[in-house]
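Visitor: Enclosed is the structure file work.cif (mmCIF, C-alpha atoms).
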```
data_data
loop_
_atom_site.label_atom_id
_atom_site.label_comp_id
_atom_site.auth_asym_id
_atom_site.auth_seq_id
_atom_site.Cartn_x
_atom_site.Cartn_y
_atom_site.Cartn_z
CA MET A 1 -13.23 -30.53 21.58
CA SER A 2 -14.14 -32.39 18.39
CA GLU A 3 -12.38 -35.44 17.01
CA PRO A 4 -9.41 -34.69 14.74
CA GLY A 5 -10.58 -33.82 11.24
CA TRP A 6 -9.18 -35.08 7.95
CA PHE A 7 -6.49 -32.39 7.78
CA GLU A 8 -5.36 -33.12 11.35
CA GLN A 9 -4.99 -36.90 10.97
CA GLU A 10 -1.63 -36.56 9.25
CA LYS A 11 0.88 -33.75 9.72
CA LYS A 12 1.43 -33.38 5.97
CA ARG A 13 -2.29 -32.71 5.51
CA GLY A 14 -2.07 -29.76 7.90
CA TRP A 15 0.74 -28.33 5.78
CA LEU A 16 -1.40 -28.94 2.68
CA LEU A 17 -4.27 -26.96 4.20
CA TRP A 18 -2.09 -23.92 4.87
CA ALA A 19 -0.43 -24.21 1.47
CA ILE A 20 -3.87 -24.05 -0.18
CA CYS A 21 -4.86 -21.05 1.95
CA VAL A 22 -1.65 -19.01 1.68
CA LEU A 23 -0.80 -19.75 -1.97
CA PRO A 24 -2.97 -16.92 -3.44
CA LEU A 25 -1.08 -14.38 -1.31
CA LEU A 26 2.29 -15.18 -2.86
CA GLY A 27 3.84 -12.77 -5.33
CA PHE A 28 2.61 -9.58 -3.69
CA TRP A 29 6.15 -8.17 -3.98
CA LEU A 30 6.37 -8.61 -7.78
CA TYR A 31 4.81 -5.28 -8.75
CA GLY A 32 4.94 -1.71 -7.50
CA LEU A 33 2.30 0.14 -5.53
CA THR A 34 -0.77 0.92 -7.59
CA ASP A 35 -1.85 4.52 -8.09
CA MET A 36 -5.38 4.09 -6.78
CA ASP A 37 -5.15 4.09 -2.98
CA GLU A 38 -1.88 2.27 -2.36
CA GLY A 39 0.19 5.06 -3.83
CA PHE A 40 -1.29 7.64 -1.48
CA TYR A 41 -0.81 5.44 1.59
CA GLY A 42 2.76 4.60 0.57
CA ALA A 43 3.58 8.25 -0.09
CA THR A 44 2.08 9.22 3.27
CA ALA A 45 4.11 6.59 5.13
CA ILE A 46 7.31 7.78 3.44
CA ASP A 47 6.42 11.41 4.20
CA MET A 48 5.95 10.56 7.89
CA MET A 49 9.27 8.67 7.93
CA ARG A 50 11.07 11.60 6.34
CA ARG A 51 9.58 14.06 8.85
CA GLY A 52 9.95 11.74 11.86
CA ASP A 53 6.27 12.32 12.73
CA TRP A 54 4.23 9.38 14.09
CA ILE A 55 1.03 11.37 14.76
CA THR A 56 0.03 13.45 11.72
CA PRO A 57 -0.26 11.64 8.37
CA THR A 58 0.94 14.01 5.65
CA TYR A 59 1.01 13.88 1.86
CA ASN A 60 3.67 16.22 0.45
CA GLY A 61 3.92 17.81 3.90
CA ILE A 62 0.19 18.63 4.11
CA PRO A 63 -2.02 16.89 6.72
CA TRP A 64 -3.83 14.01 4.99
CA PHE A 65 -6.50 12.49 7.20
CA GLU A 66 -8.23 10.16 4.74
CA LYS A 67 -7.58 7.18 7.04
CA PRO A 68 -6.59 6.72 10.70
CA ILE A 69 -3.07 5.94 11.82
CA LEU A 70 -2.81 2.16 12.30
CA LEU A 71 -1.83 1.33 8.71
CA TYR A 72 1.07 3.81 8.90
CA TRP A 73 2.19 2.63 12.33
CA LEU A 74 2.49 -0.89 10.90
CA ALA A 75 3.88 0.09 7.49
CA ILE A 76 6.70 2.41 8.60
CA PRO A 77 8.75 -0.18 10.56
CA SER A 78 7.93 -2.80 7.92
CA ILE A 79 9.32 -0.58 5.14
CA GLN A 80 12.38 0.22 7.23
CA LEU A 81 13.07 -3.49 7.81
CA PHE A 82 12.06 -5.07 4.50
CA GLY A 83 12.34 -2.31 1.90
CA GLU A 84 10.00 -0.80 -0.64
CA PHE A 85 8.93 -4.01 -2.42
CA VAL A 86 7.99 -6.27 0.53
CA GLY A 87 7.59 -3.76 3.37
CA PRO A 88 4.51 -1.72 2.36
CA ARG A 89 2.24 -4.72 1.84
CA LEU A 90 3.64 -7.12 4.45
CA PRO A 91 1.36 -5.93 7.32
CA SER A 92 -1.73 -6.67 5.20
CA VAL A 93 -0.42 -10.11 4.25
CA LEU A 94 0.31 -11.01 7.87
CA ALA A 95 -3.09 -9.67 8.96
CA GLY A 96 -4.73 -11.84 6.29
CA ILE A 97 -2.94 -14.95 7.57
CA GLY A 98 -3.93 -13.98 11.12
CA LEU A 99 -7.57 -13.70 10.02
CA LEU A 100 -7.44 -17.23 8.57
CA TRP A 101 -6.02 -18.55 11.84
CA ALA A 102 -8.79 -16.76 13.80
CA VAL A 103 -11.52 -18.20 11.54
CA MET A 104 -10.09 -21.70 11.89
CA SER A 105 -9.72 -21.55 15.69
CA PHE A 106 -13.14 -19.97 16.26
CA THR A 107 -14.93 -22.44 13.97
CA ARG A 108 -13.20 -25.56 15.28
CA ILE A 109 -14.56 -25.08 18.79
CA ARG A 110 -18.17 -24.73 17.56
CA LEU A 111 -18.46 -26.84 14.40
CA GLY A 112 -15.56 -29.29 14.48
CA SER A 113 -12.25 -29.68 12.70
CA ASN A 114 -13.50 -30.46 9.19
CA ALA A 115 -15.84 -27.45 9.25
CA ALA A 116 -12.98 -25.28 10.52
CA ALA A 117 -10.78 -26.35 7.62
CA ILE A 118 -13.57 -25.71 5.12
CA ALA A 119 -14.36 -22.27 6.61
CA THR A 120 -10.68 -21.33 6.37
CA ILE A 121 -10.47 -22.45 2.74
CA VAL A 122 -13.66 -20.55 1.84
CA CYS A 123 -12.31 -17.38 3.47
CA SER A 124 -8.86 -17.72 1.87
CA GLY A 125 -10.42 -18.37 -1.54
CA SER A 126 -12.58 -15.25 -1.48
CA LEU A 127 -11.43 -12.83 -4.16
CA LEU A 128 -11.98 -9.93 -1.75
CA PHE A 129 -9.74 -11.61 0.83
CA ILE A 130 -7.04 -12.37 -1.73
CA PHE A 131 -6.97 -8.91 -3.28
CA LEU A 132 -7.19 -6.89 -0.05
CA SER A 133 -4.75 -9.05 1.92
CA ARG A 134 -1.97 -8.41 -0.61
CA GLN A 135 -2.43 -4.64 -0.97
CA MET A 136 -1.21 -1.71 1.12
CA LEU A 137 -4.74 -0.90 2.25
CA THR A 138 -6.45 -0.57 5.61
CA ASP A 139 -8.95 -3.39 5.07
CA SER A 140 -6.98 -6.51 5.98
CA VAL A 141 -5.83 -5.12 9.33
CA LEU A 142 -9.32 -3.72 9.99
CA VAL A 143 -11.13 -7.00 9.34
CA LEU A 144 -8.70 -8.95 11.53
CA ALA A 145 -9.23 -6.53 14.43
CA PHE A 146 -13.01 -6.18 13.96
CA SER A 147 -13.56 -9.93 13.53
CA GLY A 148 -11.41 -10.63 16.57
CA SER A 149 -13.40 -8.17 18.68
CA LEU A 150 -16.67 -9.95 17.79
CA MET A 151 -15.19 -13.42 18.27
CA PHE A 152 -13.88 -12.55 21.73
CA PHE A 153 -17.21 -10.97 22.62
CA TRP A 154 -19.01 -14.19 21.67
CA ASN A 155 -16.46 -16.10 23.76
CA SER A 156 -17.37 -13.85 26.69
CA LEU A 157 -21.04 -14.80 26.34
CA GLU A 158 -20.07 -18.46 26.61
CA SER A 159 -17.83 -17.90 29.67
CA SER A 160 -18.15 -16.71 33.23
CA GLY A 161 -16.11 -15.01 35.93
CA ALA A 162 -12.51 -14.18 35.14
CA ASP A 163 -12.69 -15.72 31.67
CA ARG A 164 -15.63 -13.49 30.75
CA ALA A 165 -13.75 -10.39 31.89
CA LYS A 166 -10.63 -11.50 29.98
CA PHE A 167 -12.53 -12.04 26.75
CA ARG A 168 -14.34 -8.71 27.10
CA ALA A 169 -11.01 -6.96 27.67
CA LEU A 170 -9.57 -8.50 24.50
CA SER A 171 -12.74 -7.64 22.60
CA GLY A 172 -12.54 -4.00 23.69
CA LEU A 173 -8.84 -3.74 22.79
CA LEU A 174 -9.40 -5.13 19.30
CA LEU A 175 -12.43 -2.91 18.77
CA GLY A 176 -10.25 0.08 19.61
CA LEU A 177 -7.66 -1.11 17.09
CA SER A 178 -10.35 -1.51 14.41
CA ILE A 179 -11.34 2.13 14.99
CA LEU A 180 -7.65 3.07 14.65
CA ALA A 181 -7.59 1.09 11.40
CA LYS A 182 -10.63 2.57 9.65
CA GLY A 183 -12.71 4.93 11.77
CA PRO A 184 -15.51 5.32 14.34
CA ALA A 185 -18.16 3.65 12.15
CA PHE A 186 -16.97 0.25 13.31
CA GLY A 187 -17.58 1.15 16.93
CA ALA A 188 -21.19 1.90 16.02
CA MET A 189 -21.47 -1.38 14.09
CA PHE A 190 -20.12 -3.34 17.04
CA LEU A 191 -22.71 -1.80 19.37
CA LEU A 192 -25.51 -2.58 16.90
CA ILE A 193 -24.38 -6.19 16.59
CA ILE A 194 -24.33 -6.81 20.34
CA ALA A 195 -27.72 -5.06 20.66
CA PHE A 196 -29.19 -7.45 18.09
CA ILE A 197 -27.59 -10.40 19.91
CA ALA A 198 -29.33 -9.33 23.13
CA TRP A 199 -32.61 -8.99 21.24
CA ARG A 200 -32.53 -12.17 19.15
CA LEU A 201 -30.87 -14.45 21.73
CA PRO A 202 -32.68 -13.86 25.04
CA ASP A 203 -31.03 -16.92 26.64
CA HIS A 204 -27.69 -15.10 26.35
CA ARG A 205 -28.85 -11.91 28.07
CA PRO A 206 -27.70 -12.97 31.58
CA ALA A 207 -24.16 -13.35 30.17
CA PHE A 208 -24.15 -9.64 29.32
CA LYS A 209 -23.73 -8.82 33.01
CA GLY A 210 -20.30 -8.04 34.41
CA GLY A 211 -16.78 -7.95 33.02
CA TRP A 212 -17.13 -4.77 30.97
CA LEU A 213 -14.67 -2.43 32.70
CA GLY A 214 -11.46 -3.88 31.28
CA GLY A 215 -12.80 -3.88 27.72
CA ILE A 216 -14.06 -0.32 27.97
CA LEU A 217 -10.78 0.96 29.39
CA LEU A 218 -8.58 -0.88 26.87
CA GLY A 219 -10.81 0.14 23.97
CA PHE A 220 -10.70 3.82 24.89
CA ALA A 221 -6.96 3.61 25.59
CA ALA A 222 -6.31 2.24 22.10
CA ILE A 223 -8.45 4.94 20.49
CA ALA A 224 -6.96 7.74 22.59
CA ALA A 225 -3.42 6.63 21.68
CA TRP A 226 -3.87 8.48 18.39
CA TYR A 227 -7.09 10.51 18.48
CA VAL A 228 -5.97 12.64 21.42
CA PRO A 229 -2.46 13.58 20.19
CA ALA A 230 -3.79 14.01 16.62
CA TYR A 231 -6.37 16.52 17.88
CA MET A 232 -3.80 18.29 20.06
CA ALA A 233 -1.42 18.59 17.11
CA ASN A 234 -3.97 19.60 14.47
CA GLY A 235 -7.05 20.96 16.27
CA SER A 236 -9.99 21.80 14.02
CA VAL A 237 -8.18 20.47 10.92
CA PHE A 238 -8.33 16.97 12.42
CA VAL A 239 -12.02 17.32 13.31
CA ASP A 240 -13.05 18.82 9.96
CA GLU A 241 -10.98 16.62 7.67
CA PHE A 242 -11.09 13.28 9.45
CA LEU A 243 -14.19 13.08 11.64
CA ILE A 244 -16.58 15.18 9.55
CA LYS A 245 -15.40 14.92 5.94
CA GLN A 246 -13.93 11.41 5.81
CA ASN A 247 -16.47 9.70 8.09
CA ILE A 248 -19.79 11.53 8.29
CA GLY A 249 -19.38 13.13 4.86
CA ARG A 250 -18.61 9.85 3.09
CA PHE A 251 -21.56 8.07 4.69
CA LYS A 252 -23.90 10.84 3.54
CA GLY A 253 -22.52 10.73 0.00
CA GLY A 254 -20.00 13.55 0.16
CA ASP A 255 -17.47 11.44 -1.75
CA LYS A 256 -18.83 12.01 -5.27
CA ALA A 257 -16.12 9.87 -6.85
CA HIS A 258 -17.52 6.76 -5.14
CA ALA A 259 -21.21 7.61 -5.21
CA THR A 260 -23.55 4.84 -6.37
CA PRO A 261 -26.67 5.28 -8.55
CA SER A 262 -29.84 4.63 -6.57
CA TRP A 263 -30.90 1.75 -8.82
CA MET A 264 -27.71 -0.16 -7.92
CA ILE A 265 -28.06 0.12 -4.15
CA PRO A 266 -30.11 -3.12 -3.66
CA ILE A 267 -27.89 -5.23 -5.92
CA TYR A 268 -24.40 -3.72 -5.48
CA PHE A 269 -23.15 -5.76 -2.53
CA PRO A 270 -25.04 -8.99 -3.39
CA ILE A 271 -23.22 -8.95 -6.74
CA VAL A 272 -19.87 -8.26 -5.04
CA LEU A 273 -20.37 -11.09 -2.54
CA GLY A 274 -21.64 -13.50 -5.18
CA ILE A 275 -18.53 -12.98 -7.31
CA SER A 276 -16.13 -12.88 -4.37
CA LEU A 277 -17.32 -16.16 -2.81
CA MET A 278 -17.34 -18.20 -6.00
CA PRO A 279 -17.47 -21.18 -6.17
CA TRP A 280 -18.26 -21.91 -2.52
CA LEU A 281 -21.33 -19.73 -1.97
CA PRO A 282 -23.46 -21.43 -4.68
CA ALA A 283 -22.48 -24.87 -3.34
CA ALA A 284 -23.38 -23.86 0.22
CA TRP A 285 -26.66 -22.32 -0.99
CA LYS A 286 -27.54 -25.55 -2.80
CA ASN A 287 -26.88 -27.54 0.38
CA GLY A 288 -29.04 -25.46 2.72
CA LEU A 289 -27.18 -22.27 3.62
CA PHE A 290 -30.41 -20.26 3.79
CA LYS A 291 -32.71 -22.99 5.10
CA ARG A 292 -34.14 -22.57 8.57
CA GLY A 293 -33.42 -25.44 10.88
CA GLU A 294 -33.34 -25.95 14.59
CA PRO A 295 -32.53 -22.78 16.58
CA ASP A 296 -28.76 -22.36 16.63
CA PRO A 297 -27.38 -19.40 18.63
CA PHE A 298 -23.99 -19.53 16.92
CA ARG A 299 -25.56 -19.42 13.44
CA THR A 300 -27.83 -16.58 14.55
CA PHE A 301 -24.80 -14.63 15.81
CA LEU A 302 -23.05 -15.03 12.44
CA TRP A 303 -26.13 -13.89 10.50
CA ILE A 304 -26.46 -10.84 12.78
CA TRP A 305 -22.80 -10.01 12.07
CA VAL A 306 -23.37 -10.28 8.32
CA GLY A 307 -26.71 -8.46 8.41
CA VAL A 308 -25.61 -5.39 10.37
CA VAL A 309 -22.49 -4.78 8.27
CA PHE A 310 -24.41 -5.40 5.05
CA ALA A 311 -27.25 -3.05 6.06
CA ILE A 312 -24.98 -0.21 7.21
CA PHE A 313 -22.95 -0.15 4.01
CA SER A 314 -26.04 -0.62 1.85
CA ILE A 315 -27.58 2.48 3.42
CA SER A 316 -24.42 4.50 2.86
CA SER A 317 -24.42 6.58 -0.32
CA THR A 318 -20.72 5.87 -0.85
CA LYS A 319 -19.86 2.33 -1.95
CA LEU A 320 -16.76 0.43 -2.98
CA PRO A 321 -16.46 -3.37 -3.28
CA HIS A 322 -14.04 -3.70 -0.36
CA TYR A 323 -16.46 -2.07 2.10
CA ILE A 324 -18.26 -5.40 2.44
CA PHE A 325 -15.08 -7.35 3.28
CA PRO A 326 -16.01 -7.59 7.02
CA THR A 327 -18.83 -9.99 6.07
CA ILE A 328 -16.47 -12.54 4.49
CA PRO A 329 -15.31 -14.25 7.76
CA PRO A 330 -18.84 -14.89 9.11
CA LEU A 331 -20.09 -15.94 5.66
CA ALA A 332 -17.18 -18.40 5.39
CA MET A 333 -18.16 -19.89 8.75
CA LEU A 334 -21.82 -20.04 7.69
CA CYS A 335 -20.87 -21.81 4.45
CA ALA A 336 -18.82 -24.34 6.41
CA GLY A 337 -21.92 -26.00 7.90
CA PRO A 338 -23.66 -27.02 4.65
CA LEU A 339 -20.36 -27.69 2.87
CA THR A 340 -19.30 -30.04 5.68
CA LYS A 341 -22.56 -31.96 5.19
CA ARG A 342 -21.76 -32.18 1.48
CA PHE A 343 -18.05 -32.96 1.63
CA GLY A 344 -17.43 -34.11 5.21
CA GLU A 345 -17.20 -37.76 4.16
CA ASN A 346 -15.14 -36.92 1.08
CA MET A 347 -12.61 -34.31 2.19
CA PRO A 348 -9.97 -35.40 -0.39
CA ARG A 349 -12.35 -34.36 -3.19
CA PHE A 350 -13.01 -30.99 -1.53
CA THR A 351 -9.25 -30.54 -1.11
CA GLN A 352 -8.67 -31.16 -4.81
CA TRP A 353 -11.24 -28.54 -5.79
CA ALA A 354 -9.78 -26.12 -3.24
CA ALA A 355 -6.24 -26.62 -4.57
CA VAL A 356 -7.37 -26.01 -8.16
CA TRP A 357 -9.17 -22.82 -7.14
CA SER A 358 -6.16 -21.63 -5.12
CA VAL A 359 -3.81 -22.05 -8.10
CA PHE A 360 -6.32 -20.33 -10.40
CA ALA A 361 -6.67 -17.41 -7.95
CA LEU A 362 -2.87 -17.09 -7.67
CA LEU A 363 -2.45 -16.91 -11.44
CA LEU A 364 -5.43 -14.59 -11.86
CA ILE A 365 -4.50 -11.98 -9.27
CA ASN A 366 -0.80 -11.92 -10.18
CA GLY A 367 -1.62 -11.77 -13.88
CA VAL A 368 -4.03 -8.86 -13.42
CA MET A 369 -1.71 -6.91 -11.14
CA LEU A 370 1.41 -7.47 -13.27
CA SER A 371 -0.53 -6.37 -16.34
CA MET A 372 -1.69 -3.20 -14.56
CA ASP A 373 1.84 -2.53 -13.39
CA GLN A 374 3.27 -3.02 -16.87
CA ASN A 375 0.77 -0.62 -18.42
CA ASP A 376 0.60 1.99 -15.69
CA GLY A 377 3.47 2.11 -13.25
CA LYS A 378 6.53 0.10 -14.18
CA GLN A 379 8.17 2.64 -16.50
CA VAL A 380 7.65 5.68 -14.29
CA HIS A 381 8.84 3.77 -11.21
CA ALA A 382 11.98 2.68 -13.07
CA LEU A 383 12.63 6.28 -14.12
CA VAL A 384 12.34 7.54 -10.55
CA ARG A 385 14.67 4.81 -9.23
CA ASN A 386 17.22 5.74 -11.89
CA LEU A 387 17.10 9.41 -10.93
CA ARG A 388 17.23 8.56 -7.23
CA ALA A 389 20.37 6.48 -7.78
CA ARG A 390 22.08 9.64 -9.02
CA SER A 391 21.33 11.39 -5.72
CA GLU A 392 19.67 14.27 -7.53
CA ASP A 393 16.72 16.30 -6.30
CA LEU A 394 13.50 15.45 -8.09
CA VAL A 395 10.56 17.80 -8.68
CA VAL A 396 7.30 16.32 -9.92
CA TYR A 397 4.71 18.28 -11.89
CA GLY A 398 1.19 17.38 -12.90
CA ILE A 399 -0.59 18.89 -15.90
CA GLY A 400 -3.99 20.26 -15.01
CA GLY A 401 -7.05 19.15 -16.97
CA GLY A 402 -9.96 21.01 -18.50
CA LYS A 403 -11.70 21.32 -21.86
CA ASP A 404 -9.97 24.60 -22.62
CA LYS A 405 -6.38 23.61 -23.37
CA ALA A 406 -5.30 27.23 -22.97
CA GLN A 407 -6.23 26.98 -19.30
CA MET A 408 -4.05 23.94 -18.63
CA THR A 409 -1.36 24.64 -16.04
CA THR A 410 1.39 22.79 -14.23
CA GLU A 411 1.37 22.70 -10.45
CA LEU A 412 4.36 21.90 -8.26
CA LEU A 413 4.11 18.64 -6.26
CA GLU A 414 0.89 17.49 -7.89
CA THR A 415 0.86 14.12 -9.64
CA SER A 416 -1.67 11.48 -10.65
CA LYS A 417 0.92 8.83 -9.68
CA PRO A 418 1.51 9.22 -5.95
CA SER A 419 3.38 5.88 -5.85
CA ILE A 420 6.47 7.58 -7.32
CA ILE A 421 6.88 9.49 -4.05
#
```
Show me the file's structure as structure tokens.
Guide:
Amino acid sequence: MSEPGWFEQEKKRGWLLWAICVLPLLGFWLYGLTDMDEGFYGATAIDMMRRGDWITPTYNGIPWFEKPILLYWLAIPSIQLFGEFVGPRLPSVLAGIGLLWAVMSFTRIRLGSNAAAIATIVCSGSLLFIFLSRQMLTDSVLVLAFSGSLMFFWNSLESSGADRAKFRALSGLLLGLSILAKGPAFGAMFLLIIAFIAWRLPDHRPAFKGGWLGGILLGFAAIAAWYVPAYMANGSVFVDEFLIKQNIGRFKGGDKAHATPSWMIPIYFPIVLGISLMPWLPAAWKNGLFKRGEPDPFRTFLWIWVGVVFAIFSISSTKLPHYIFPTIPPLAMLCAGPLTKRFGENMPRFTQWAAVWSVFALLLINGVMLSMDQNDGKQVHALVRNLRARSEDLVVYGIGGGKDKAQMTTELLETSKPSII
């Protein structure tokens, strides 16, 4: 273990570190669910609660297999316990805090306490982390599970005997949960990452032997906990809608709403990462982030993690900014090395910059979201709550579009604002 870092030398500094990291997550309960993806997930969770069904996600009573089940399994009890303002987003917030703890613990063992603190601050200050960890979306839970599976796998390569088997079992369990959170693509990414580790780090190949059974069994058990009953309950609908349309179809560009022009493919995710990791990525770049030094297996592992995820989503025809979120934890750990060289002897200065950025991010994200809520959702949500308080039935109509106004129709139970459900 390394010597105590600057944040660990006094107890109040440890509290300061977590205050800096958690501050941008505060205020997630101040505005209603947005009508992009959150509204659909919230409506689906409420629909499942109303029907008492924990297997088939439904939107207005119709099977809705856009995402796997884990988000709903976490959201339903959270909504029941904490209500409609805190409950829907609380699992994402807690998963985000768990991810910060995982980054800190994993980095401390390899790079020391100061680097662990810096990696945690870089991760917590990422705009992708802040936005996705305070929304009712699948990404925060996914990245915690997927990152944990890779961290435990790396632990298994550095261990032997019973410890290796234990770490592989935990890795397999978390990989299964990541597939429950987002889909089978992350199983394929995990296999590609460990294949590249075996190729690029030949000294670690002997550690690949043994200890796999527990991880394989726990991984498949986690996946089967939903995939099997969902198939039994829905048959070909589950296969066609979830496995083919939402996974294979999206990768091949079937989701036209999120398709990306070919000229943007090489620059899309570099731009997203460059903006998301401001101001830390430029500082790390300036201090040697991309310079080749002495062979370092841990650094190679992190670059493989970043490279595989980046390549897979760059190849995909469907792109959204949050797809690249799984690269933020390894990039934060990679930035920690050069930033520790730059600020390791002057951690108070780094802390001041981090605190300023944390306050700015808090004000920015809450300002943007409250503005969106004021303009888009606040009035309609207030109307629905008023009607609900009267215990009256509510029927929602949506007006169909089209250039020919004579062809516009109203359809029962269709709405562009699913958050009202």
Visitor: Evaluate the PyMOL selection byres ((chain A and resi 54-58) around 10) on the structure here and hand back the selected residues as a ChimeraX atom specification.
Guide: /A:40-41,43-49,51-53,59-69,72-73,76,225-234,238
Visitor: Could you take the residues named above and write them with C-alpha atoms, as a short mmCIF file (atom, residue, chain, number, x, y, z; two decimals), keeping the file's coordinate frame?
Guide:
```cif
data_model
loop_
_atom_site.label_atom_id
_atom_site.label_comp_id
_atom_site.auth_asym_id
_atom_site.auth_seq_id
_atom_site.Cartn_x
_atom_site.Cartn_y
_atom_site.Cartn_z
CA PHE A 40 -1.29 7.64 -1.48
CA TYR A 41 -0.81 5.44 1.59
CA ALA A 43 3.58 8.25 -0.09
CA THR A 44 2.08 9.22 3.27
CA ALA A 45 4.11 6.59 5.13
CA ILE A 46 7.31 7.78 3.44
CA ASP A 47 6.42 11.41 4.20
CA MET A 48 5.95 10.56 7.89
CA MET A 49 9.27 8.67 7.93
CA ARG A 51 9.58 14.06 8.85
CA GLY A 52 9.95 11.74 11.86
CA ASP A 53 6.27 12.32 12.73
CA TYR A 59 1.01 13.88 1.86
CA ASN A 60 3.67 16.22 0.45
CA GLY A 61 3.92 17.81 3.90
CA ILE A 62 0.19 18.63 4.11
CA PRO A 63 -2.02 16.89 6.72
CA TRP A 64 -3.83 14.01 4.99
CA PHE A 65 -6.50 12.49 7.20
CA GLU A 66 -8.23 10.16 4.74
CA LYS A 67 -7.58 7.18 7.04
CA PRO A 68 -6.59 6.72 10.70
CA ILE A 69 -3.07 5.94 11.82
CA TYR A 72 1.07 3.81 8.90
CA TRP A 73 2.19 2.63 12.33
CA ILE A 76 6.70 2.41 8.60
CA ALA A 225 -3.42 6.63 21.68
CA TRP A 226 -3.87 8.48 18.39
CA TYR A 227 -7.09 10.51 18.48
CA VAL A 228 -5.97 12.64 21.42
CA PRO A 229 -2.46 13.58 20.19
CA ALA A 230 -3.79 14.01 16.62
CA TYR A 231 -6.37 16.52 17.88
CA MET A 232 -3.80 18.29 20.06
CA ALA A 233 -1.42 18.59 17.11
CA ASN A 234 -3.97 19.60 14.47
CA PHE A 238 -8.33 16.97 12.42
#
```
Visitor: Applying 10 Å and only C-alpha atoms, which residues near Ile275 in chain A remain after dropping the ones on its own chain fewer than 4 positions away? List them as a PDB file with C-alpha atoms, in the frame of the given file.
Guide:
```
ATOM      1  CA  SER A 126     -12.580 -15.250  -1.480  1.00  0.00           C
ATOM      2  CA  LEU A 127     -11.430 -12.830  -4.160  1.00  0.00           C
ATOM      3  CA  LEU A 128     -11.980  -9.930  -1.750  1.00  0.00           C
ATOM      4  CA  PHE A 269     -23.150  -5.760  -2.530  1.00  0.00           C
ATOM      5  CA  PRO A 270     -25.040  -8.990  -3.390  1.00  0.00           C
ATOM      6  CA  ILE A 271     -23.220  -8.950  -6.740  1.00  0.00           C
ATOM      7  CA  PRO A 279     -17.470 -21.180  -6.170  1.00  0.00           C
ATOM      8  CA  LEU A 281     -21.330 -19.730  -1.970  1.00  0.00           C
TER       9      LEU A 281
END
```
Visitor: Quick one, how far is CA of Gly219 in chain A from CA of Trp101 in chain A?
Guide: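 Computed distance, CA of Gly219 in chain A to CA of Trp101 in chain A, equals 22.8 Å.
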Visitor: Can you pull out the residues contacting Pro4 in chain A? Cut-off 7 Å, using all atoms listed in the file, and skip same-chain residues under 3 positions away; I want them as an NGL selection string.
Guide: :A and (8-9 or 113)
Visitor: Have a look at A:Gly210, A:Gly307, A:Pro266, A:Gly183 and name the one nearest to Arg168 in chain A; count only C-alpha atoms.
Guide: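 When distances to Arg168 in chain A are compared using only C-alpha atoms, the smallest one comes from A:Gly210.
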Visitor: So that I can see what lies close to Lys182 in chain A, please list as a list in words the residues with an atom at most 12 Å from it, counting only C-alpha atoms and leaving out residues fewer than 5 positions away in the same chain.
Guide: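 Close residues of Lys182 in chain A: Phe65, Glu66, Lys67, Pro68, Ile69, Leu70, Leu71, Tyr72, Leu137, Thr138, Asp139, Ser140, Val141, Leu142, Val143, Leu144, Ala145, Phe146, Leu175, Gly176, Leu177, Gly187, Ile223, Phe242, Leu243, Gln246, Asn247, Tyr323 and Pro326 of chain A.
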Visitor: At a cut-off of 9 Å, using all atoms listed in the file, what residues contact Ala336 in chain A? Leave out same-chain residues fewer than 5 positions from it and give the result as a list of chain:residue names.
Guide: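 Residues near the query, excluding close chain neighbours: A:Thr107, A:Leu111, A:Asn114, A:Ala115, A:Ala116, A:Ala117, A:Ile118, A:Ala119, A:Thr120, A:Val122, A:Ala284, A:Leu331, A:Lys341.
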Visitor: Between A:Ala311, A:Leu94, A:Leu273, A:Leu173, which one has atoms that come closest to Ile193 in chain A, using all atoms listed in the file?
Guide: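 Residue with the minimum atom-to-atom distance to Ile193 in chain A: A:Ala311.
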Visitor: Calculate how many Å separate CA of Pro330 in chain A from CA of Ile130 in chain A, rounding to one decimal.
Guide: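 Calculated distance between CA of Pro330 in chain A and CA of Ile130 in chain A is 16.2 Å.
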Visitor: Quick one: residues within 8 Å of Ala354 in chain A, all atoms listed in the file, excluding same-chain residues fewer than 6 positions away - as a ChimeraX atom specification?
Guide: /A:20,121,125
Visitor: By how many Å are CA of Ser171 in chain A and CA of Ile216 in chain A apart?
Guide: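 That distance, rounded to one decimal, is 9.2 Å.
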Visitor: Enclose all atoms of range 71-78 of chain A listed in the file in an axis-aligned box, grow every side by 6 Å, and hand back centre and edge lengths in Å to one decimal, as AutoDock Vina command-line options.
Guide:
```
--center_x 3.5 --center_y 0.5 --center_z 9.9 --size_x 22.6 --size_y 18.6 --size_z 16.8
```
